[in-house]
Amino acid sequence: MSFKQRKKWIINSEFDQKKIDLLSEELDVSPLFVKLCLNRGLHSKEEIERFINPDESWFHDPFLLYDMEKVIERITSAIETGEKIMIYGDYDADGVTSTAILYETIEAIGGNVEYFIPNRFVEGYGPNKEAFDTFLDNETSLIITVDNGVAGHDAIHYIQDKGVDVIVTDHHELPETLPDAYAIIHPNHPKGHYPFKDLSGAGVALKVATALLGDFPAELLDLAAIGTIADLVSLRDENRAIVSYGLKAIRQTQRIGILSLFDTLALSLKEVDETTIGFKIAPPINAIGRIENASPVVELLTTFDEEKASKIAALLENKNKERKTIVSDIFVDAMNQLVGQEDSLVNILAKENWHPGVLGIVASKIVHETGKPTIILNIDSETGEAKGSGRSIKAFNLFKHCNDVRGLFRHFGGHHMAAGMTLPIENISVLHEALNEAAKAIQETTDFYEEIEIEEECAIADISLEAIKEIDSLKPFGTENPRPAFLFSNVHPVESRAIGVDHAHLKLKVSQEDSLLDIIAFNYGGKAEALKSDSSVSVVGTLEINEWNGNKKPQLQLMDLDFQEAVILDKRTSELKKSDFSIKHATYVFFNKKNYAKYSKYVTKESQVILIGNIKDAEDLKLNTSSVLVDCPDSLELLKYTLEGNKEYELYCIFYANENNYLLGMPSREQFTKLYKFLAKHKNIDLKEKGALLSKYLNFDKSILKFIIRVFLEAGFVTIEDGLLNINAEVKKMDVADTQVYKQRKEKIKVEELLIYSSFNELTKLLKSLNQIPIEQ
């Protein structure tokens, strides 16, 4: 695990201080808040006040949408004559809320209306001929698509030729040629002049409902807000008003389905905000459509039956749990595939039996983890095809670069940041190579990183509950109005612990001078131990108020962190255990051949093992994973060359010593003399048979006896032939301290003293100095 920051940090440009001070005084707000407003293009007191307090004037006239009059006339006529109307929706949160909005509206004014949610794995996305044929059999004469349709040329042409009118209401990217529908409601219609172009599918459905009812349908704003937030459209202009009013409606809702869902998920209606919808409500709504048919969601949102609503809400919760398990399993599988692919700029991962409904989520998680564009594919060996989804980063236009090799795909579509695709299995490697080459070309001219836009660098002392409340007046946050990200540089971890299921998340407390800040970091549990080391970090995240047992405190939700120093973890032990070899995606470094032979088999298959036997081995070592120094090297020089150039990853220090040279120390001159005198009086000592007795007789530790004999051998004082030890009477005089064996033991004692018996602070300073890493003063 690299301890370098995962993303590129971009701090927004500076503004004129006089303007900041003037607006701060006019509005009676902090200079920090003014900077946030200026970053959002709000340059006057009036613009800021209007942004903070959207009103009904933000809602545009629905008849400004092209074809709206024609659509209302056709739907009204169908209602008056009792025609059967079919709402054709989509299986995501925007699609089901769009469906519920128009279904509820048309039913309320007397329409003979039904709805249909296509199955992701049967009809797929958008208009479908086979589905349309079933409507024809049911004598449907008007189909209204919601959140889809502008790309459904064939199915729409097919059913209109059979006398069924199709009204398309959609917000997705327009094709060069529009389908031959009865009418098309789209905020970006080429013949239209609607003042806001980024409505969600639910927003478009709300406009149709408003026009049909002839009055503003406040009772539908709860559904429109859910769809708008879930679809990640811009939260500016009319969408800001939809979400602002919609959240107020949800807090006071009497809609049984929403009440049941909040109750099932143990969520508070009073405290609901865009984060609640985006991260708590939208996932279970989306989950069922990823696994099976999503029609129950529309029933949940429109039913008046409390028992039925309760059962469906429980079903959604269970499907979301199932979805999470599937995502987690595939994510682990995919991350294991990435081992050894660190040099690739684009991740493409494929395997059989990966659930196709969640691959986009997995791709997003891997982009977050690696900072690289990622495509996840499910392989179908029967069809010979791979099908899946990709997610990208700002620097890499995934749609463009895939479109450049469109011939590799059987089906393909998407946009800058996301794409869906089907291709022959044999084309996967060709695609990977093509996208990597495109990424390399980009890397030559720009930074190839996922980006975080930072609004301001702050000191912990400047953060208070009042400051966060001020920031929250810019809510609802979302696309084009993100929750502000702040940078806190050179803070020091005070407490660090992994929390949650499988210890996946991180709870952290950091200090800066005399001020403290709590941090919650999702999916950073693996960093908990590293943050217990003596290292300063810089952190980027969003601020929120955390309430626990009635106490309120500022809290940072982490987006990224950067260790300012090497990360060294103290794992020193006097006894090696199997658990010491359980760190995944690491390089285990051994210096001792016997230890290597005995313990390397315990290293997990996701990690690698290296034996450093000499300086050349150490010089050749280039780490691209965390490293685990299992045992003690023979010299600091060997350790220095091992560490040199390998600065970007955590360093786990076990430093197991199986000889305990430091504790036994160097033999005294008296011990050398005592053994020599004994050998001068005794001949042909069988070391194998008598070695233990000799050690006991002389009162020497066995390892000390062996060491002195090795020194004597090098100095020529003794000989060993056929296992028999004898004095060499013809030896020349030599100081035992000049032998290599003596010097090596002395060095080993020094190494063990510094690596094993030093304090962690002393060890950290030593390792940083060996690796030429600056030590913070």
# chains A, B, ... in the order shown; residues from 1 in each chain; ligands from 1
call {"tool": "residues_around", "arguments": {"residues": "region 401-409 of chain A", "least_positions_apart": "4", "cutoff": "12 Å", "atoms": "only C-alpha atoms", "output": "PyMOL selection string"}}
result
chain A and resi 346+373+375+385-392+395-397+413-439+441-442
call {"tool": "residues_around", "arguments": {"residues": "region 151-160 of chain A", "least_positions_apart": "3", "cutoff": "10 Å", "atoms": "only C-alpha atoms", "output": "short mmCIF file (atom, residue, chain, number, x, y, z; two decimals) with N, CA, C and O atoms, in the first residue's frame"}}
result
data_model
loop_
_atom_site.label_atom_id
_atom_site.label_comp_id
_atom_site.auth_asym_id
_atom_site.auth_seq_id
_atom_site.Cartn_x
_atom_site.Cartn_y
_atom_site.Cartn_z
N TYR A 125 -31.63 -1.53 -21.22
CA TYR A 125 -31.96 -0.12 -21.07
C TYR A 125 -32.68 0.40 -22.31
O TYR A 125 -32.30 0.10 -23.44
N GLY A 126 -33.72 1.19 -22.08
CA GLY A 126 -34.38 1.90 -23.18
C GLY A 126 -35.48 1.10 -23.85
O GLY A 126 -35.76 -0.05 -23.50
N PRO A 127 -36.13 1.72 -24.85
CA PRO A 127 -37.25 1.07 -25.55
C PRO A 127 -36.87 -0.30 -26.11
O PRO A 127 -35.77 -0.49 -26.63
N ASN A 128 -37.81 -1.25 -25.98
CA ASN A 128 -37.56 -2.63 -26.38
C ASN A 128 -38.75 -3.15 -27.20
O ASN A 128 -39.89 -3.07 -26.77
N LYS A 129 -38.46 -3.70 -28.39
CA LYS A 129 -39.52 -4.15 -29.30
C LYS A 129 -40.41 -5.21 -28.65
O LYS A 129 -41.64 -5.15 -28.75
N GLU A 130 -39.79 -6.21 -28.03
CA GLU A 130 -40.57 -7.30 -27.44
C GLU A 130 -41.48 -6.78 -26.33
O GLU A 130 -42.65 -7.20 -26.23
N ALA A 131 -40.99 -5.86 -25.53
CA ALA A 131 -41.82 -5.27 -24.47
C ALA A 131 -42.96 -4.47 -25.10
O ALA A 131 -44.12 -4.57 -24.66
N PHE A 132 -42.65 -3.70 -26.12
CA PHE A 132 -43.68 -2.90 -26.80
C PHE A 132 -44.76 -3.79 -27.40
O PHE A 132 -45.94 -3.43 -27.43
N ASP A 133 -44.36 -4.97 -27.90
CA ASP A 133 -45.35 -5.89 -28.47
C ASP A 133 -46.37 -6.34 -27.43
O ASP A 133 -47.56 -6.50 -27.72
N PHE A 135 -47.38 -4.59 -24.95
CA PHE A 135 -48.29 -3.46 -24.72
C PHE A 135 -49.36 -3.44 -25.81
O PHE A 135 -50.53 -3.13 -25.55
N LEU A 136 -48.93 -3.75 -27.02
CA LEU A 136 -49.88 -3.78 -28.15
C LEU A 136 -50.95 -4.84 -27.90
O LEU A 136 -52.14 -4.62 -28.15
N SER A 141 -52.42 2.28 -26.39
CA SER A 141 -52.35 3.13 -27.58
C SER A 141 -51.43 4.34 -27.39
O SER A 141 -51.21 5.10 -28.33
N LEU A 142 -50.93 4.51 -26.16
CA LEU A 142 -49.99 5.60 -25.90
C LEU A 142 -48.91 5.13 -24.92
O LEU A 142 -49.23 4.65 -23.84
N ILE A 143 -47.67 5.25 -25.35
CA ILE A 143 -46.54 4.92 -24.49
C ILE A 143 -45.80 6.21 -24.18
O ILE A 143 -45.50 7.01 -25.07
N THR A 145 -42.30 7.30 -22.45
CA THR A 145 -41.03 6.90 -21.84
C THR A 145 -40.62 7.96 -20.82
O THR A 145 -40.85 9.16 -21.03
N ASN A 148 -35.62 7.80 -20.43
CA ASN A 148 -35.05 7.02 -21.53
C ASN A 148 -35.82 7.35 -22.81
O ASN A 148 -36.87 8.00 -22.76
N GLY A 163 -49.36 1.87 -35.00
CA GLY A 163 -50.44 2.74 -34.56
C GLY A 163 -50.41 3.16 -33.11
O GLY A 163 -51.39 3.74 -32.61
N VAL A 164 -49.33 2.88 -32.42
CA VAL A 164 -49.19 3.30 -31.01
C VAL A 164 -48.31 4.54 -30.96
O VAL A 164 -47.20 4.54 -31.47
N ASP A 165 -48.81 5.61 -30.36
CA ASP A 165 -48.02 6.83 -30.22
C ASP A 165 -47.02 6.69 -29.08
O ASP A 165 -47.33 6.11 -28.03
N VAL A 166 -45.82 7.24 -29.30
CA VAL A 166 -44.78 7.23 -28.26
C VAL A 166 -44.37 8.66 -27.96
O VAL A 166 -43.96 9.40 -28.86
N ILE A 167 -44.53 9.04 -26.70
CA ILE A 167 -44.03 10.32 -26.22
C ILE A 167 -42.75 10.02 -25.44
O ILE A 167 -42.76 9.23 -24.49
N VAL A 168 -41.66 10.65 -25.83
CA VAL A 168 -40.39 10.46 -25.16
C VAL A 168 -40.16 11.61 -24.18
O VAL A 168 -40.25 12.78 -24.56
N ASP A 170 -37.06 12.54 -21.67
CA ASP A 170 -35.71 12.06 -21.39
C ASP A 170 -34.80 13.24 -21.11
O ASP A 170 -35.15 14.40 -21.37
N HIS A 172 -31.08 12.35 -21.28
CA HIS A 172 -29.75 11.84 -21.65
C HIS A 172 -29.25 12.51 -22.93
O HIS A 172 -30.00 13.19 -23.64
N GLU A 173 -27.95 12.30 -23.20
CA GLU A 173 -27.31 12.94 -24.34
C GLU A 173 -28.06 12.64 -25.64
O GLU A 173 -28.40 11.49 -25.92
N LEU A 174 -28.31 13.69 -26.40
CA LEU A 174 -29.09 13.54 -27.63
C LEU A 174 -28.23 12.95 -28.75
O LEU A 174 -27.09 13.36 -28.95
N PRO A 175 -28.79 11.99 -29.50
CA PRO A 175 -28.08 11.49 -30.67
C PRO A 175 -28.15 12.51 -31.81
O PRO A 175 -28.89 13.50 -31.73
N GLU A 176 -27.37 12.30 -32.86
CA GLU A 176 -27.39 13.22 -34.00
C GLU A 176 -28.77 13.30 -34.62
O GLU A 176 -29.21 14.36 -35.05
N THR A 177 -29.47 12.16 -34.68
CA THR A 177 -30.83 12.12 -35.23
C THR A 177 -31.78 11.66 -34.14
O THR A 177 -31.53 10.64 -33.48
N LEU A 178 -32.86 12.39 -33.94
CA LEU A 178 -33.83 12.02 -32.92
C LEU A 178 -34.76 10.93 -33.44
O LEU A 178 -35.00 10.83 -34.65
N PRO A 179 -35.28 10.11 -32.54
CA PRO A 179 -36.21 9.06 -32.99
C PRO A 179 -37.51 9.67 -33.51
O PRO A 179 -37.88 10.80 -33.15
N ASP A 180 -38.20 8.91 -34.34
CA ASP A 180 -39.43 9.39 -34.98
C ASP A 180 -40.62 9.16 -34.04
O ASP A 180 -41.53 8.38 -34.32
N ALA A 181 -40.58 9.85 -32.89
CA ALA A 181 -41.63 9.71 -31.89
C ALA A 181 -42.75 10.72 -32.14
O ALA A 181 -42.59 11.68 -32.89
N TYR A 182 -43.88 10.51 -31.46
CA TYR A 182 -44.99 11.47 -31.57
C TYR A 182 -44.53 12.83 -31.06
O TYR A 182 -44.84 13.87 -31.66
#
call {"tool": "residues_around", "arguments": {"residues": "region 485-495 of chain A", "least_positions_apart": "2", "cutoff": "8 Å", "atoms": "only C-alpha atoms", "output": "JSON, numbers by chain"}}
result
{"A": [452, 453, 454, 455, 456, 457, 458, 459, 460, 483, 497, 507, 508, 509, 510, 511, 512, 531, 532, 535, 536, 537, 538, 539, 540, 541, 542, 543, 564]}
call {"tool": "residues_around", "arguments": {"residues": "Glu114 (chain A)", "least_positions_apart": "4", "cutoff": "7 Å", "atoms": "only C-alpha atoms", "output": "JSON, numbers by chain"}}
result
{"A": [85, 86, 87, 103]}
call {"tool": "residues_around", "arguments": {"residues": "region 720-734 of chain A", "least_positions_apart": "3", "cutoff": "8 Å", "atoms": "only C-alpha atoms", "output": "list in words"}}
result
Tyr676, Leu679, Ala680, His682, Lys683, Asn684, Ile685, Asp686, Leu687, Lys688, Ala715, Gly716, Phe717 and Asp738 of chain A
call {"tool": "write_last_selection", "arguments": {"atoms": "all heavy atoms", "output": "short mmCIF file (atom, residue, chain, number, x, y, z; two decimals), in the first residue's frame"}}
result
data_model
loop_
_atom_site.label_atom_id
_atom_site.label_comp_id
_atom_site.auth_asym_id
_atom_site.auth_seq_id
_atom_site.Cartn_x
_atom_site.Cartn_y
_atom_site.Cartn_z
N TYR A 676 41.36 -22.14 24.46
CA TYR A 676 42.65 -22.47 23.84
C TYR A 676 43.47 -23.40 24.75
O TYR A 676 44.07 -24.38 24.30
CB TYR A 676 43.42 -21.20 23.52
CG TYR A 676 44.64 -21.46 22.67
CD1 TYR A 676 44.55 -21.54 21.29
CD2 TYR A 676 45.89 -21.66 23.28
CE1 TYR A 676 45.67 -21.80 20.51
CE2 TYR A 676 47.02 -21.92 22.50
CZ TYR A 676 46.89 -21.98 21.11
OH TYR A 676 47.99 -22.25 20.35
N LEU A 679 42.08 -26.88 24.70
CA LEU A 679 42.41 -27.61 23.47
C LEU A 679 43.89 -28.00 23.42
O LEU A 679 44.25 -29.02 22.81
CB LEU A 679 42.07 -26.75 22.24
CG LEU A 679 40.58 -26.41 22.05
CD1 LEU A 679 40.39 -25.50 20.85
CD2 LEU A 679 39.76 -27.69 21.89
N ALA A 680 44.75 -27.20 24.07
CA ALA A 680 46.18 -27.53 24.09
C ALA A 680 46.45 -28.81 24.87
O ALA A 680 47.46 -29.48 24.64
CB ALA A 680 46.96 -26.36 24.68
N HIS A 682 44.04 -31.33 25.14
CA HIS A 682 43.19 -32.42 24.68
C HIS A 682 43.27 -32.52 23.15
O HIS A 682 43.27 -31.51 22.46
CB HIS A 682 41.74 -32.22 25.12
CG HIS A 682 41.56 -32.16 26.60
ND1 HIS A 682 41.80 -31.02 27.35
CD2 HIS A 682 41.17 -33.11 27.49
CE1 HIS A 682 41.56 -31.25 28.61
NE2 HIS A 682 41.18 -32.53 28.74
N LYS A 683 43.29 -33.73 22.68
CA LYS A 683 43.39 -33.95 21.24
C LYS A 683 42.16 -34.71 20.73
O LYS A 683 41.51 -35.43 21.47
CB LYS A 683 44.65 -34.75 20.91
CG LYS A 683 45.94 -34.00 21.20
CD LYS A 683 47.15 -34.86 20.82
CE LYS A 683 48.43 -34.09 21.10
NZ LYS A 683 49.63 -34.89 20.73
N ASN A 684 41.97 -34.50 19.42
CA ASN A 684 40.92 -35.24 18.70
C ASN A 684 39.56 -35.17 19.40
O ASN A 684 38.92 -36.19 19.71
CB ASN A 684 41.33 -36.70 18.52
CG ASN A 684 42.56 -36.85 17.67
OD1 ASN A 684 42.75 -36.08 16.71
ND2 ASN A 684 43.40 -37.82 17.99
N ILE A 685 39.14 -33.94 19.63
CA ILE A 685 37.82 -33.73 20.27
C ILE A 685 36.74 -33.86 19.19
O ILE A 685 36.72 -33.11 18.20
CB ILE A 685 37.74 -32.36 20.94
CG1 ILE A 685 38.79 -32.25 22.05
CG2 ILE A 685 36.35 -32.11 21.49
CD1 ILE A 685 38.90 -30.87 22.65
N ASP A 686 35.85 -34.83 19.39
CA ASP A 686 34.75 -35.04 18.46
C ASP A 686 33.63 -34.04 18.79
O ASP A 686 32.91 -34.21 19.78
CB ASP A 686 34.24 -36.48 18.58
CG ASP A 686 33.22 -36.82 17.51
OD1 ASP A 686 32.55 -35.89 16.99
OD2 ASP A 686 33.09 -38.01 17.18
N LEU A 687 33.52 -33.01 17.96
CA LEU A 687 32.55 -31.93 18.26
C LEU A 687 31.11 -32.43 18.22
O LEU A 687 30.27 -31.96 18.99
CB LEU A 687 32.73 -30.78 17.27
CG LEU A 687 34.02 -29.96 17.45
CD1 LEU A 687 34.15 -28.92 16.36
CD2 LEU A 687 34.01 -29.27 18.82
N LYS A 688 30.86 -33.37 17.31
CA LYS A 688 29.48 -33.86 17.19
C LYS A 688 29.06 -34.62 18.46
O LYS A 688 27.94 -34.47 18.94
CB LYS A 688 29.37 -34.77 15.97
CG LYS A 688 27.95 -35.17 15.64
CD LYS A 688 27.90 -35.95 14.32
CE LYS A 688 26.45 -36.30 13.98
NZ LYS A 688 26.36 -37.08 12.73
N ALA A 715 41.69 -17.95 12.17
CA ALA A 715 43.03 -17.50 12.59
C ALA A 715 44.07 -18.60 12.42
O ALA A 715 45.29 -18.34 12.53
CB ALA A 715 42.99 -17.04 14.05
N GLY A 716 43.61 -19.84 12.16
CA GLY A 716 44.54 -20.96 11.99
C GLY A 716 44.98 -21.58 13.29
O GLY A 716 45.91 -22.40 13.31
N PHE A 717 44.34 -21.22 14.41
CA PHE A 717 44.73 -21.74 15.71
C PHE A 717 44.34 -23.21 15.85
O PHE A 717 44.96 -23.94 16.64
CB PHE A 717 44.08 -20.96 16.84
CG PHE A 717 44.53 -19.51 16.95
CD1 PHE A 717 43.87 -18.61 17.78
CD2 PHE A 717 45.63 -19.05 16.24
CE1 PHE A 717 44.27 -17.30 17.89
CE2 PHE A 717 46.04 -17.73 16.35
CZ PHE A 717 45.36 -16.85 17.17
N ASP A 738 41.04 -9.37 14.58
CA ASP A 738 41.29 -9.06 13.17
C ASP A 738 40.61 -10.06 12.22
O ASP A 738 40.63 -9.85 11.00
CB ASP A 738 42.80 -9.07 12.89
CG ASP A 738 43.51 -7.89 13.58
OD1 ASP A 738 42.83 -6.87 13.79
OD2 ASP A 738 44.71 -8.02 13.87
#
call {"tool": "residues_around", "arguments": {"residues": "region 522-528 of chain A", "least_positions_apart": "5", "cutoff": "9 Å", "atoms": "only C-alpha atoms", "output": "list in words"}}
result
Met1, Phe3, Glu369, Ser496, Arg497, Ala498, Ile499, Gly500, Asp502, His503, Ala504, His505, Leu506, Lys507, Leu508, Gln557, Leu558 and Met559 of chain A
call {"tool": "write_last_selection", "arguments": {"atoms": "all heavy atoms", "output": "short mmCIF file (atom, residue, chain, number, x, y, z; two decimals), in the first residue's frame"}}
result
data_model
loop_
_atom_site.label_atom_id
_atom_site.label_comp_id
_atom_site.auth_asym_id
_atom_site.auth_seq_id
_atom_site.Cartn_x
_atom_site.Cartn_y
_atom_site.Cartn_z
N MET A 1 0.84 -1.20 0.00
CA MET A 1 0.00 0.00 0.00
C MET A 1 0.88 1.24 0.00
O MET A 1 1.64 1.46 0.92
CB MET A 1 -0.91 0.00 1.23
CG MET A 1 -1.88 1.16 1.28
SD MET A 1 -2.82 1.16 2.83
CE MET A 1 -3.77 -0.33 2.66
N PHE A 3 1.96 5.02 0.50
CA PHE A 3 1.51 6.07 1.41
C PHE A 3 1.51 7.44 0.74
O PHE A 3 1.32 8.46 1.39
CB PHE A 3 2.34 6.09 2.72
CG PHE A 3 3.82 6.32 2.54
CD1 PHE A 3 4.30 7.58 2.25
CD2 PHE A 3 4.71 5.28 2.68
CE1 PHE A 3 5.66 7.80 2.11
CE2 PHE A 3 6.07 5.49 2.54
CZ PHE A 3 6.55 6.76 2.25
N GLU A 369 -9.53 3.60 -5.40
CA GLU A 369 -8.40 2.95 -4.74
C GLU A 369 -7.09 3.20 -5.46
O GLU A 369 -6.04 3.39 -4.83
CB GLU A 369 -8.67 1.44 -4.64
CG GLU A 369 -7.64 0.67 -3.85
CD GLU A 369 -7.71 0.95 -2.36
OE1 GLU A 369 -8.77 1.37 -1.87
OE2 GLU A 369 -6.68 0.75 -1.68
N SER A 496 -5.56 6.46 16.35
CA SER A 496 -5.88 5.84 15.07
C SER A 496 -6.38 4.43 15.31
O SER A 496 -5.71 3.64 15.98
CB SER A 496 -4.63 5.81 14.17
OG SER A 496 -4.87 5.04 13.00
N ARG A 497 -7.56 4.10 14.76
CA ARG A 497 -8.05 2.74 14.90
C ARG A 497 -8.97 2.38 13.73
O ARG A 497 -9.70 3.23 13.21
CB ARG A 497 -8.79 2.53 16.22
CG ARG A 497 -9.97 3.44 16.45
CD ARG A 497 -10.47 3.32 17.88
NE ARG A 497 -11.53 4.29 18.17
CZ ARG A 497 -12.83 4.02 18.06
NH1 ARG A 497 -13.22 2.82 17.69
NH2 ARG A 497 -13.73 4.94 18.34
N ALA A 498 -8.90 1.14 13.32
CA ALA A 498 -9.78 0.63 12.26
C ALA A 498 -11.12 0.28 12.88
O ALA A 498 -11.19 -0.28 13.99
CB ALA A 498 -9.15 -0.59 11.61
N ILE A 499 -12.20 0.60 12.19
CA ILE A 499 -13.54 0.34 12.71
C ILE A 499 -14.40 -0.29 11.62
O ILE A 499 -14.01 -0.35 10.45
CB ILE A 499 -14.22 1.65 13.19
CG1 ILE A 499 -14.34 2.66 12.03
CG2 ILE A 499 -13.46 2.26 14.35
CD1 ILE A 499 -15.17 3.89 12.36
N GLY A 500 -15.59 -0.74 12.00
CA GLY A 500 -16.55 -1.26 11.04
C GLY A 500 -16.31 -2.72 10.70
O GLY A 500 -15.40 -3.38 11.23
N ASP A 502 -15.03 -5.89 9.12
CA ASP A 502 -13.70 -6.23 8.58
C ASP A 502 -12.69 -5.09 8.78
O ASP A 502 -11.69 -5.02 8.05
CB ASP A 502 -13.78 -6.58 7.09
CG ASP A 502 -14.66 -7.80 6.83
OD1 ASP A 502 -14.66 -8.70 7.69
OD2 ASP A 502 -15.32 -7.85 5.78
N HIS A 503 -12.99 -4.20 9.72
CA HIS A 503 -12.08 -3.07 10.01
C HIS A 503 -11.76 -2.28 8.75
O HIS A 503 -10.62 -1.87 8.53
CB HIS A 503 -10.79 -3.58 10.66
CG HIS A 503 -11.02 -4.34 11.94
ND1 HIS A 503 -11.50 -3.74 13.07
CD2 HIS A 503 -10.87 -5.65 12.24
CE1 HIS A 503 -11.62 -4.64 14.04
NE2 HIS A 503 -11.26 -5.82 13.55
N ALA A 504 -12.78 -2.08 7.93
CA ALA A 504 -12.57 -1.44 6.62
C ALA A 504 -12.40 0.07 6.73
O ALA A 504 -11.82 0.70 5.84
CB ALA A 504 -13.74 -1.75 5.69
N HIS A 505 -12.89 0.67 7.81
CA HIS A 505 -12.90 2.13 7.92
C HIS A 505 -11.94 2.60 9.02
O HIS A 505 -11.44 1.81 9.82
CB HIS A 505 -14.32 2.62 8.15
CG HIS A 505 -15.31 2.04 7.18
ND1 HIS A 505 -15.14 2.12 5.82
CD2 HIS A 505 -16.45 1.33 7.39
CE1 HIS A 505 -16.13 1.50 5.23
NE2 HIS A 505 -16.94 1.00 6.14
N LEU A 506 -11.75 3.89 9.06
CA LEU A 506 -10.73 4.47 9.95
C LEU A 506 -11.32 5.59 10.79
O LEU A 506 -12.03 6.45 10.28
CB LEU A 506 -9.58 5.02 9.11
CG LEU A 506 -8.50 5.83 9.84
CD1 LEU A 506 -7.67 4.92 10.73
CD2 LEU A 506 -7.59 6.53 8.82
N LYS A 507 -11.03 5.55 12.07
CA LYS A 507 -11.35 6.64 12.98
C LYS A 507 -10.02 7.23 13.44
O LYS A 507 -9.16 6.51 13.94
CB LYS A 507 -12.15 6.12 14.18
CG LYS A 507 -12.72 7.21 15.07
CD LYS A 507 -13.89 7.94 14.43
CE LYS A 507 -14.51 8.95 15.39
NZ LYS A 507 -15.53 9.76 14.72
N LEU A 508 -9.88 8.53 13.27
CA LEU A 508 -8.58 9.16 13.49
C LEU A 508 -8.77 10.48 14.23
O LEU A 508 -9.77 11.17 14.05
CB LEU A 508 -7.92 9.41 12.12
CG LEU A 508 -6.56 10.09 12.05
CD1 LEU A 508 -5.50 9.21 12.68
CD2 LEU A 508 -6.20 10.40 10.60
N GLN A 557 -14.57 14.43 7.12
CA GLN A 557 -14.74 13.18 6.37
C GLN A 557 -13.63 13.14 5.31
O GLN A 557 -13.60 13.95 4.39
CB GLN A 557 -16.11 13.07 5.72
CG GLN A 557 -16.33 11.71 5.09
CD GLN A 557 -17.75 11.46 4.65
OE1 GLN A 557 -17.99 10.95 3.57
NE2 GLN A 557 -18.72 11.82 5.49
N LEU A 558 -12.73 12.20 5.48
CA LEU A 558 -11.50 12.18 4.68
C LEU A 558 -11.77 11.85 3.22
O LEU A 558 -12.54 10.94 2.90
CB LEU A 558 -10.52 11.16 5.26
CG LEU A 558 -9.11 11.19 4.67
CD1 LEU A 558 -8.34 12.39 5.20
CD2 LEU A 558 -8.36 9.90 5.01
N MET A 559 -11.10 12.58 2.33
CA MET A 559 -11.11 12.28 0.91
C MET A 559 -9.76 11.73 0.45
O MET A 559 -9.69 10.89 -0.45
CB MET A 559 -11.45 13.54 0.10
CG MET A 559 -12.82 14.12 0.42
SD MET A 559 -13.07 15.75 -0.32
CE MET A 559 -13.23 15.32 -2.05
#
call {"tool": "select_by_dssp", "arguments": {"residues": "region 342-431 of chain A", "states": "helix (DSSP H, G or I)", "output": "VMD selection string"}}
result
chain A and resid 356 to 370 398 to 403 406 to 408 425 to 431
call {"tool": "select_by_dssp", "arguments": {"residues": "region 435-607 of chain A", "states": "strand (DSSP E or B)", "output": "ChimeraX atom specification"}}
result
/A:451-454,456-457,478-479,481,485-499,505-512,515-521,537-548,551-563,568-570,586-590
call {"tool": "closest_residue", "arguments": {"among": "A:Tyr662, A:Tyr588, A:Tyr115, A:Phe33", "to": "Ala294 (chain A)", "atoms": "only C-alpha atoms"}}
result
A:Tyr115
call {"tool": "closest_residue", "arguments": {"among": "A:Lys372, A:Asn378, A:Asp61, A:Ala249", "to": "Asp215 (chain A)", "atoms": "only C-alpha atoms"}}
result
A:Asp61
call {"tool": "closest_atom_pairs", "arguments": {"of": "region 238-344 of chain A", "to": "region 476-479 of chain A", "cutoff": "12 Å", "atoms": "only C-alpha atoms", "output": "Markdown table"}}
result
| residue | atom | partner | partner_atom | distance |
| --- | --- | --- | --- | --- |
| A:Asn239 | CA | A:Pro476 | CA | 9.9 |
| A:Arg240 | CA | A:Pro476 | CA | 7.0 |
| A:Ala241 | CA | A:Pro476 | CA | 9.3 |
| A:Ile242 | CA | A:Pro476 | CA | 10.2 |
| A:Val243 | CA | A:Pro476 | CA | 7.1 |
| A:Ser244 | CA | A:Pro476 | CA | 6.5 |
| A:Tyr245 | CA | A:Pro476 | CA | 10.3 |
| A:Gly246 | CA | A:Pro476 | CA | 10.6 |
| A:Leu247 | CA | A:Pro476 | CA | 9.0 |
| A:Lys248 | CA | A:Pro476 | CA | 11.3 |
| A:Val272 | CA | A:Pro476 | CA | 11.0 |
| A:Asp273 | CA | A:Pro476 | CA | 7.3 |
| A:Glu274 | CA | A:Pro476 | CA | 6.0 |
| A:Thr275 | CA | A:Phe477 | CA | 8.2 |
| A:Thr276 | CA | A:Pro476 | CA | 11.2 |
| A:Ile277 | CA | A:Pro476 | CA | 11.0 |
| A:Gly278 | CA | A:Gly478 | CA | 9.4 |
call {"tool": "atom_distance", "arguments": {"atom1": "CA of Ile144 (chain A)", "atom2": "CA of Leu300 (chain A)"}}
result
20.6 Å
